[in-house]
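Step one of this worksheet: look at the structure below.
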Amino acid sequence: LGVGRGDKKKRQNHSAKKPKVDPFPKILRKLMAHRHSWPFNEPVDAEYWGVLDYYDVIKKPMDFSTIATQYDAGEYSYSSGSSSAGGAARSAHGPLKFVTDVRQVFYNAWTYNTVGHQVYGYAQDVARIFESELRKAVKESNDEWGLMAGTVMAIAGPGKGGGGGGGSGG
């Protein structure tokens with residue numbers, strides 16, 4: 001929590017020694033707090049929302065609370081086990097899984113709901129925020145793991161989403 005505080009002098013060419021802060025919890029909190037994220041914060045309750053075919057259509061359900069639980073369980077860790085030096089080796093597996101799972105939430109919303117549907121638009125809004133925050137987070141590392149590959153911006157679009165009606169999320 002105290003990373004980056006205290007030393008006011010800027011260090012040059014010492015970025016390798018600078019501790020890396022995992023951006024995923026902050027990104028996920030921002031997504032979950034957004035006013036349009038409510039359809040994506042919990043697993044879809046198909047009976048409650050009257051979308052009884054949801055789990056027939058959506059083969060890989062995903063939501064932000066499931067992602068948070070998996071994060072807490074270490075499933076998105078940068079560590080891939082022990083390295084020869086005795087420490088944990090940094091791996092792209094965890095970060096790629098996190099990015100893939102967040103994008104799955106949006107893909108599910110776009111698959112189940114039609115263009116113009118409220119939930120489809122909400123997915124566009126929240127996806128734009130995710131991709132923007134992810135871009136900021138990987139900028140320092142020059143996206144060493146290719147996390148920006150497969151961006152959903154083509155579907156999310158540059159403008160505001162919208163539409164009407166109820167429905168189900170991711």
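Residues are named by chain letter and number: chains run A, B, ... in the order of the structure tokens, numbers start at 1 in each chain, and ligands are numbered from 1 in the order shown.
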
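Within the 9 Å cut-off around Val99 (chain A), using only C-alpha atoms and omitting residues fewer than 3 positions from it on the same chain, the listed residues are Phe24, Gly94, Pro95, Leu96, Val102, Arg103, Gln104, Leu134, Leu147 and Met148 of chain A.
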
Could you write out the selected residues, including N, CA and C atoms, as a tab-separated table (two decimals), in the first residue's frame?
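Final file, selection35.tsv:
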chain	number	residue	atom	x	y	z
A	24	PHE	N	-4.93	-5.44	-11.09
A	24	PHE	CA	-6.22	-6.10	-11.28
A	24	PHE	C	-7.25	-5.82	-10.18
A	94	GLY	N	-1.58	-16.06	-15.30
A	94	GLY	CA	-2.58	-15.45	-14.42
A	94	GLY	C	-3.17	-14.17	-14.99
A	95	PRO	N	-2.33	-13.22	-15.42
A	95	PRO	CA	-2.87	-12.00	-16.02
A	95	PRO	C	-3.72	-12.26	-17.26
A	96	LEU	N	-3.29	-13.19	-18.11
A	96	LEU	CA	-4.08	-13.50	-19.31
A	96	LEU	C	-5.43	-14.11	-18.93
A	102	VAL	N	-12.60	-11.44	-17.59
A	102	VAL	CA	-13.35	-10.18	-17.60
A	102	VAL	C	-14.01	-9.99	-18.96
A	103	ARG	N	-13.27	-10.24	-20.02
A	103	ARG	CA	-13.85	-10.10	-21.36
A	103	ARG	C	-14.98	-11.10	-21.59
A	104	GLN	N	-14.90	-12.27	-20.96
A	104	GLN	CA	-15.96	-13.27	-21.10
A	104	GLN	C	-17.29	-12.72	-20.58
A	134	LEU	N	-7.14	-1.18	-18.51
A	134	LEU	CA	-6.13	-2.19	-18.84
A	134	LEU	C	-5.01	-1.56	-19.66
A	147	LEU	N	-1.61	-8.54	-23.29
A	147	LEU	CA	-2.92	-8.47	-22.66
A	147	LEU	C	-3.92	-7.65	-23.47
A	148	MET	N	-3.43	-6.76	-24.31
A	148	MET	CA	-4.34	-5.94	-25.12
A	148	MET	C	-4.81	-6.68	-26.37

Among region 15-139 of chain A, which ones does DSSP place in strand (DSSP E), written as a PyMOL selection string? chain A and resi 79-82+88-90

Next, write the just-selected residues to a file, as a tab-separated table (two decimals), in the first residue's frame, keeping N, CA, C and O atoms as the atom set.
chain	number	residue	atom	x	y	z
A	79	SER	N	2.63	-15.60	-10.48
A	79	SER	CA	3.58	-16.66	-10.18
A	79	SER	C	3.21	-17.93	-10.91
A	79	SER	O	2.05	-18.33	-10.96
A	80	SER	N	4.22	-18.58	-11.47
A	80	SER	CA	3.96	-19.84	-12.17
A	80	SER	C	4.63	-21.01	-11.47
A	80	SER	O	4.87	-22.03	-12.06
A	81	GLY	N	4.95	-20.80	-10.23
A	81	GLY	CA	5.66	-21.85	-9.50
A	81	GLY	C	7.04	-21.35	-9.12
A	81	GLY	O	7.34	-20.18	-9.23
A	82	SER	N	7.88	-22.24	-8.70
A	82	SER	CA	9.20	-21.80	-8.28
A	82	SER	C	10.18	-21.80	-9.44
A	82	SER	O	10.13	-22.65	-10.31
A	88	ALA	N	9.56	-17.10	-7.03
A	88	ALA	CA	8.49	-17.39	-7.98
A	88	ALA	C	8.79	-16.72	-9.31
A	88	ALA	O	9.19	-15.57	-9.35
A	89	ALA	N	8.64	-17.47	-10.36
A	89	ALA	CA	8.85	-16.92	-11.70
A	89	ALA	C	7.61	-16.14	-12.11
A	89	ALA	O	6.49	-16.56	-11.82
A	90	ARG	N	7.80	-15.01	-12.77
A	90	ARG	CA	6.66	-14.23	-13.26
A	90	ARG	C	6.13	-14.89	-14.52
A	90	ARG	O	6.88	-15.28	-15.40

Nearest to Ile67 (chain A): which of A:Val138, A:Met32, A:Ala149, A:Val115 is it, counting only C-alpha atoms? A:Met32

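Using only C-alpha atoms, the nearest neighbour of Val126 (chain A) within the list A:Tyr76, A:Phe40, A:Tyr54, A:Trp49 is A:Phe40.
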
Skipping near chain neighbours, those fewer than 4 positions away, what residues fall within 8 Å of Glu131 (chain A) using only C-alpha atoms, listed as an MDAnalysis selection string? chainID A and resid 127 135 148 151:153

Take the residues from that selection and put them in a file with all heavy atoms, as a compact mmCIF listing (two decimals), in the first residue's frame.
# COMPACT_ATOMS: atom_id res chain seq x y z
N ALA A 127 -17.21 -2.37 -20.64
CA ALA A 127 -16.07 -2.89 -21.42
C ALA A 127 -15.13 -1.76 -21.83
O ALA A 127 -13.90 -1.93 -21.79
CB ALA A 127 -16.56 -3.63 -22.65
N ARG A 135 -5.38 -0.72 -20.62
CA ARG A 135 -4.37 -0.04 -21.45
C ARG A 135 -3.43 0.79 -20.58
O ARG A 135 -2.22 0.76 -20.76
CB ARG A 135 -5.06 0.85 -22.48
CG ARG A 135 -4.12 1.42 -23.52
CD ARG A 135 -4.83 2.24 -24.60
NE ARG A 135 -5.94 1.54 -25.22
CZ ARG A 135 -7.23 1.81 -25.01
NH1 ARG A 135 -7.58 2.77 -24.18
NH2 ARG A 135 -8.18 1.13 -25.61
N MET A 148 -3.43 -6.76 -24.31
CA MET A 148 -4.34 -5.94 -25.12
C MET A 148 -4.81 -6.68 -26.37
O MET A 148 -5.75 -6.25 -27.02
CB MET A 148 -3.68 -4.61 -25.51
CG MET A 148 -3.44 -3.68 -24.34
SD MET A 148 -4.91 -3.30 -23.35
CE MET A 148 -5.95 -2.49 -24.56
N THR A 151 -8.73 -7.18 -27.64
CA THR A 151 -9.51 -6.11 -27.03
C THR A 151 -10.95 -6.17 -27.52
O THR A 151 -11.21 -6.55 -28.67
CB THR A 151 -8.89 -4.73 -27.31
OG1 THR A 151 -9.72 -3.72 -26.73
CG2 THR A 151 -8.77 -4.45 -28.79
N VAL A 152 -11.88 -5.80 -26.69
CA VAL A 152 -13.30 -5.84 -27.05
C VAL A 152 -13.79 -4.48 -27.54
O VAL A 152 -14.98 -4.28 -27.71
CB VAL A 152 -14.18 -6.32 -25.87
CG1 VAL A 152 -13.84 -7.75 -25.51
CG2 VAL A 152 -14.05 -5.40 -24.67
N MET A 153 -12.87 -3.56 -27.80
CA MET A 153 -13.29 -2.23 -28.20
C MET A 153 -14.07 -2.21 -29.51
O MET A 153 -14.92 -1.35 -29.71
CB MET A 153 -12.09 -1.29 -28.28
CG MET A 153 -11.52 -0.93 -26.91
SD MET A 153 -12.75 -0.33 -25.73
CE MET A 153 -13.18 1.23 -26.47

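With only C-alpha atoms taken into account, the protein and nucleic acid residues at most 9 Å from Val57 (chain A) (excluding it and anything under 6 positions from it in its own chain) are Asn108, Thr111 and Tyr112 of chain A.
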
Run DSSP on the backbone and grab whatever in region 36-162 of chain A lands in helix (DSSP H, G or I); send it over as a ChimeraX atom specification. /A:38-40,46-49,54-57,64-72,93-112,118-139,153-156

Show which residues sit within 10 Å of region 105-107 of chain A, as a tab-separated table (two decimals) with all heavy atoms, in the first residue's frame. Count only C-alpha atoms, and ignore same-chain residues fewer than 2 positions away.
chain	number	residue	atom	x	y	z
A	39	PRO	N	-25.63	-5.76	-13.74
A	39	PRO	CA	-25.97	-7.07	-14.30
A	39	PRO	C	-24.80	-8.06	-14.31
A	39	PRO	O	-25.00	-9.25	-14.54
A	39	PRO	CB	-26.36	-6.75	-15.76
A	39	PRO	CG	-26.60	-5.29	-15.81
A	39	PRO	CD	-25.71	-4.70	-14.76
A	40	PHE	N	-23.59	-7.56	-14.06
A	40	PHE	CA	-22.38	-8.37	-14.21
A	40	PHE	C	-21.69	-8.67	-12.88
A	40	PHE	O	-20.70	-9.38	-12.86
A	40	PHE	CB	-21.39	-7.66	-15.14
A	40	PHE	CG	-22.05	-7.03	-16.32
A	40	PHE	CD1	-22.04	-5.66	-16.50
A	40	PHE	CD2	-22.72	-7.82	-17.26
A	40	PHE	CE1	-22.67	-5.08	-17.58
A	40	PHE	CE2	-23.36	-7.24	-18.35
A	40	PHE	CZ	-23.34	-5.87	-18.51
A	41	ASN	N	-22.22	-8.13	-11.79
A	41	ASN	CA	-21.55	-8.27	-10.50
A	41	ASN	C	-21.77	-9.62	-9.83
A	41	ASN	O	-21.00	-10.00	-8.96
A	41	ASN	CB	-21.96	-7.13	-9.56
A	41	ASN	CG	-21.27	-5.83	-9.93
A	41	ASN	OD1	-20.28	-5.81	-10.64
A	41	ASN	ND2	-21.82	-4.72	-9.45
A	43	PRO	N	-23.44	-13.92	-10.47
A	43	PRO	CA	-23.89	-14.87	-11.50
A	43	PRO	C	-25.35	-14.60	-11.89
A	43	PRO	O	-26.15	-14.16	-11.06
A	43	PRO	CB	-23.77	-16.23	-10.81
A	43	PRO	CG	-22.76	-16.01	-9.73
A	43	PRO	CD	-22.95	-14.59	-9.27
A	58	ILE	N	-25.39	-19.67	-23.04
A	58	ILE	CA	-24.08	-19.25	-22.53
A	58	ILE	C	-23.39	-20.47	-21.92
A	58	ILE	O	-23.78	-20.98	-20.87
A	58	ILE	CB	-24.22	-18.12	-21.49
A	58	ILE	CG1	-24.90	-16.90	-22.12
A	58	ILE	CG2	-22.87	-17.77	-20.89
A	58	ILE	CD1	-24.18	-16.34	-23.34
A	60	LYS	N	-20.07	-20.62	-21.09
A	60	LYS	CA	-19.02	-20.28	-20.12
A	60	LYS	C	-19.46	-19.06	-19.32
A	60	LYS	O	-19.01	-17.94	-19.56
A	60	LYS	CB	-17.69	-20.01	-20.84
A	60	LYS	CG	-16.55	-19.83	-19.86
A	60	LYS	CD	-15.22	-19.63	-20.53
A	60	LYS	CE	-14.16	-19.43	-19.46
A	60	LYS	NZ	-12.94	-18.85	-19.96
A	61	PRO	N	-20.34	-19.27	-18.35
A	61	PRO	CA	-20.80	-18.13	-17.55
A	61	PRO	C	-19.65	-17.52	-16.75
A	61	PRO	O	-18.76	-18.23	-16.30
A	61	PRO	CB	-21.85	-18.73	-16.62
A	61	PRO	CG	-21.88	-20.18	-16.88
A	61	PRO	CD	-20.93	-20.52	-17.95
A	62	MET	N	-19.69	-16.20	-16.61
A	62	MET	CA	-18.66	-15.50	-15.83
A	62	MET	C	-19.26	-14.20	-15.34
A	62	MET	O	-20.10	-13.59	-16.01
A	62	MET	CB	-17.43	-15.23	-16.70
A	62	MET	CG	-16.24	-14.67	-15.95
A	62	MET	SD	-15.67	-15.63	-14.52
A	62	MET	CE	-15.21	-17.17	-15.27
A	63	ASP	N	-18.84	-13.78	-14.15
A	63	ASP	CA	-19.30	-12.53	-13.56
A	63	ASP	C	-18.19	-11.98	-12.67
A	63	ASP	O	-17.22	-12.67	-12.37
A	63	ASP	CB	-20.58	-12.77	-12.74
A	63	ASP	CG	-20.31	-13.70	-11.57
A	63	ASP	OD1	-20.37	-14.93	-11.76
A	63	ASP	OD2	-20.01	-13.19	-10.48
A	64	PHE	N	-18.34	-10.73	-12.27
A	64	PHE	CA	-17.27	-10.07	-11.52
A	64	PHE	C	-17.06	-10.65	-10.13
A	64	PHE	O	-15.93	-10.70	-9.65
A	64	PHE	CB	-17.53	-8.56	-11.44
A	64	PHE	CG	-17.50	-7.86	-12.77
A	64	PHE	CD1	-18.26	-6.73	-12.98
A	64	PHE	CD2	-16.71	-8.32	-13.82
A	64	PHE	CE1	-18.23	-6.06	-14.20
A	64	PHE	CE2	-16.67	-7.67	-15.04
A	64	PHE	CZ	-17.45	-6.52	-15.23
A	67	ILE	N	-14.95	-13.67	-10.52
A	67	ILE	CA	-13.57	-13.24	-10.80
A	67	ILE	C	-12.89	-12.80	-9.51
A	67	ILE	O	-11.73	-13.16	-9.25
A	67	ILE	CB	-13.55	-12.13	-11.86
A	67	ILE	CG1	-14.02	-12.69	-13.21
A	67	ILE	CG2	-12.16	-11.50	-11.98
A	67	ILE	CD1	-14.28	-11.66	-14.28
A	100	THR	N	-9.00	-12.51	-19.85
A	100	THR	CA	-9.93	-13.37	-20.60
A	100	THR	C	-11.25	-13.52	-19.85
A	100	THR	O	-12.32	-13.44	-20.46
A	100	THR	CB	-9.29	-14.75	-20.84
A	100	THR	OG1	-8.09	-14.57	-21.59
A	100	THR	CG2	-10.23	-15.68	-21.58
A	101	ASP	N	-11.19	-13.71	-18.54
A	101	ASP	CA	-12.42	-13.88	-17.76
A	101	ASP	C	-13.24	-12.60	-17.73
A	101	ASP	O	-14.48	-12.65	-17.84
A	101	ASP	CB	-12.11	-14.35	-16.34
A	101	ASP	CG	-11.75	-15.83	-16.29
A	101	ASP	OD1	-11.88	-16.53	-17.32
A	101	ASP	OD2	-11.32	-16.28	-15.21
A	102	VAL	N	-12.60	-11.44	-17.59
A	102	VAL	CA	-13.35	-10.18	-17.60
A	102	VAL	C	-14.01	-9.99	-18.96
A	102	VAL	O	-15.20	-9.66	-19.05
A	102	VAL	CB	-12.46	-8.97	-17.25
A	102	VAL	CG1	-13.22	-7.66	-17.47
A	102	VAL	CG2	-11.99	-9.06	-15.79
A	103	ARG	N	-13.27	-10.24	-20.02
A	103	ARG	CA	-13.85	-10.10	-21.36
A	103	ARG	C	-14.98	-11.10	-21.59
A	103	ARG	O	-15.93	-10.81	-22.30
A	103	ARG	CB	-12.76	-10.25	-22.43
A	103	ARG	CG	-11.85	-9.03	-22.49
A	103	ARG	CD	-10.74	-9.20	-23.50
A	103	ARG	NE	-9.93	-7.99	-23.58
A	103	ARG	CZ	-8.66	-7.98	-23.94
A	103	ARG	NH1	-8.04	-9.11	-24.27
A	103	ARG	NH2	-7.99	-6.85	-24.00
A	109	ALA	N	-22.74	-11.18	-22.32
A	109	ALA	CA	-23.82	-10.19	-22.41
A	109	ALA	C	-24.16	-9.89	-23.86
A	109	ALA	O	-25.34	-9.77	-24.23
A	109	ALA	CB	-23.43	-8.91	-21.68
A	110	TRP	N	-23.15	-9.79	-24.71
A	110	TRP	CA	-23.38	-9.50	-26.12
A	110	TRP	C	-23.94	-10.70	-26.86
A	110	TRP	O	-24.63	-10.54	-27.86
A	110	TRP	CB	-22.09	-9.01	-26.78
A	110	TRP	CG	-21.61	-7.70	-26.23
A	110	TRP	CD1	-22.37	-6.65	-25.81
A	110	TRP	CD2	-20.26	-7.30	-26.02
A	110	TRP	NE1	-21.58	-5.63	-25.36
A	110	TRP	CE2	-20.27	-6.01	-25.47
A	110	TRP	CE3	-19.03	-7.93	-26.23
A	110	TRP	CZ2	-19.11	-5.31	-25.16
A	110	TRP	CZ3	-17.88	-7.23	-25.91
A	110	TRP	CH2	-17.92	-5.94	-25.38
A	111	THR	N	-23.63	-11.90	-26.40
A	111	THR	CA	-24.15	-13.10	-27.03
A	111	THR	C	-25.63	-13.30	-26.70
A	111	THR	O	-26.44	-13.59	-27.57
A	111	THR	CB	-23.34	-14.35	-26.59
A	111	THR	OG1	-21.99	-14.18	-27.00
A	111	THR	CG2	-23.90	-15.63	-27.18
A	112	TYR	N	-25.97	-13.12	-25.44
A	112	TYR	CA	-27.34	-13.41	-25.01
A	112	TYR	C	-28.32	-12.28	-25.35
A	112	TYR	O	-29.47	-12.53	-25.68
A	112	TYR	CB	-27.40	-13.71	-23.51
A	112	TYR	CG	-28.75	-14.26	-23.13
A	112	TYR	CD1	-29.04	-15.61	-23.34
A	112	TYR	CD2	-29.74	-13.45	-22.62
A	112	TYR	CE1	-30.29	-16.12	-23.05
A	112	TYR	CE2	-31.00	-13.95	-22.32
A	112	TYR	CZ	-31.27	-15.28	-22.54
A	112	TYR	OH	-32.51	-15.78	-22.26
A	113	ASN	N	-27.86	-11.05	-25.25
A	113	ASN	CA	-28.72	-9.90	-25.46
A	113	ASN	C	-28.50	-9.31	-26.85
A	113	ASN	O	-27.43	-9.46	-27.42
A	113	ASN	CB	-28.44	-8.84	-24.39
A	113	ASN	CG	-28.67	-9.38	-23.00
A	113	ASN	OD1	-29.79	-9.53	-22.56
A	113	ASN	ND2	-27.59	-9.72	-22.31
A	119	VAL	N	-28.87	-4.28	-21.31
A	119	VAL	CA	-27.71	-5.02	-20.81
A	119	VAL	C	-26.59	-5.04	-21.84
A	119	VAL	O	-25.41	-4.95	-21.49
A	119	VAL	CB	-28.11	-6.45	-20.36
A	119	VAL	CG1	-26.89	-7.28	-20.00
A	119	VAL	CG2	-29.06	-6.37	-19.17
A	120	TYR	N	-26.94	-5.12	-23.11
A	120	TYR	CA	-25.93	-5.06	-24.18
A	120	TYR	C	-25.19	-3.72	-24.10
A	120	TYR	O	-23.97	-3.68	-24.16
A	120	TYR	CB	-26.63	-5.22	-25.54
A	120	TYR	CG	-25.68	-5.43	-26.71
A	120	TYR	CD1	-25.51	-6.70	-27.24
A	120	TYR	CD2	-25.00	-4.37	-27.30
A	120	TYR	CE1	-24.68	-6.92	-28.32
A	120	TYR	CE2	-24.16	-4.57	-28.38
A	120	TYR	CZ	-24.00	-5.85	-28.89
A	120	TYR	OH	-23.17	-6.05	-29.95
A	122	TYR	N	-25.01	-1.71	-21.47
A	122	TYR	CA	-24.24	-1.65	-20.23
A	122	TYR	C	-22.91	-2.39	-20.40
A	122	TYR	O	-21.87	-1.94	-19.90
A	122	TYR	CB	-25.03	-2.26	-19.07
A	122	TYR	CG	-26.14	-1.40	-18.54
A	122	TYR	CD1	-26.94	-1.86	-17.50
A	122	TYR	CD2	-26.42	-0.14	-19.05
A	122	TYR	CE1	-27.97	-1.09	-16.98
A	122	TYR	CE2	-27.46	0.64	-18.54
A	122	TYR	CZ	-28.22	0.15	-17.50
A	122	TYR	OH	-29.24	0.92	-16.98
A	123	ALA	N	-22.94	-3.51	-21.09
A	123	ALA	CA	-21.70	-4.26	-21.34
A	123	ALA	C	-20.73	-3.42	-22.17
A	123	ALA	O	-19.53	-3.42	-21.91
A	123	ALA	CB	-22.00	-5.59	-22.03
A	124	GLN	N	-21.24	-2.69	-23.13
A	124	GLN	CA	-20.39	-1.81	-23.92
A	124	GLN	C	-19.75	-0.74	-23.03
A	124	GLN	O	-18.55	-0.48	-23.13
A	124	GLN	CB	-21.19	-1.13	-25.04
A	124	GLN	CG	-21.59	-2.09	-26.14
A	124	GLN	CD	-22.42	-1.40	-27.20
A	124	GLN	OE1	-23.45	-0.80	-26.90
A	124	GLN	NE2	-21.97	-1.48	-28.44
A	125	ASP	N	-20.55	-0.12	-22.18
A	125	ASP	CA	-20.04	0.93	-21.29
A	125	ASP	C	-18.94	0.41	-20.37
A	125	ASP	O	-17.87	1.02	-20.26
A	125	ASP	CB	-21.17	1.50	-20.42
A	125	ASP	CG	-22.22	2.27	-21.21
A	125	ASP	OD1	-21.95	2.63	-22.38
A	125	ASP	OD2	-23.32	2.49	-20.66
A	126	VAL	N	-19.20	-0.70	-19.71
A	126	VAL	CA	-18.25	-1.24	-18.74
A	126	VAL	C	-17.02	-1.81	-19.46
A	126	VAL	O	-15.89	-1.68	-18.97
A	126	VAL	CB	-18.93	-2.28	-17.82
A	126	VAL	CG1	-17.94	-2.83	-16.81
A	126	VAL	CG2	-20.12	-1.64	-17.09
A	127	ALA	N	-17.21	-2.37	-20.64
A	127	ALA	CA	-16.07	-2.89	-21.42
A	127	ALA	C	-15.13	-1.76	-21.83
A	127	ALA	O	-13.90	-1.93	-21.79
A	127	ALA	CB	-16.56	-3.63	-22.65
A	152	VAL	N	-11.88	-5.80	-26.69
A	152	VAL	CA	-13.30	-5.84	-27.05
A	152	VAL	C	-13.79	-4.48	-27.54
A	152	VAL	O	-14.98	-4.28	-27.71
A	152	VAL	CB	-14.18	-6.32	-25.87
A	152	VAL	CG1	-13.84	-7.75	-25.51
A	152	VAL	CG2	-14.05	-5.40	-24.67
A	155	ILE	N	-16.36	-4.20	-30.36
A	155	ILE	CA	-17.75	-4.45	-30.00
A	155	ILE	C	-18.25	-3.36	-29.07
A	155	ILE	O	-19.37	-2.89	-29.20
A	155	ILE	CB	-17.91	-5.83	-29.32
A	155	ILE	CG1	-17.47	-6.93	-30.28
A	155	ILE	CG2	-19.35	-6.06	-28.87
A	155	ILE	CD1	-17.40	-8.30	-29.65
A	156	ALA	N	-17.40	-2.92	-28.14
A	156	ALA	CA	-17.82	-1.90	-27.19
A	156	ALA	C	-18.05	-0.57	-27.88
A	156	ALA	O	-18.94	0.18	-27.50
A	156	ALA	CB	-16.76	-1.74	-26.09
A	169	GLY	N	-27.31	-10.33	-17.45
A	169	GLY	CA	-25.96	-9.83	-17.70
A	169	GLY	C	-25.03	-10.90	-18.16
A	169	GLY	O	-25.38	-11.76	-18.94
A	170	GLY	N	-23.79	-10.81	-17.62
A	170	GLY	CA	-22.75	-11.72	-18.05
A	170	GLY	C	-22.75	-12.91	-17.21
A	170	GLY	O	-22.20	-13.87	-17.28

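Restricting the calculation to only C-alpha atoms, the smallest distance between Lys136 (chain A) and any of A:Glu42, A:Arg35, A:Ile27, A:His93 is found for A:Ile27.
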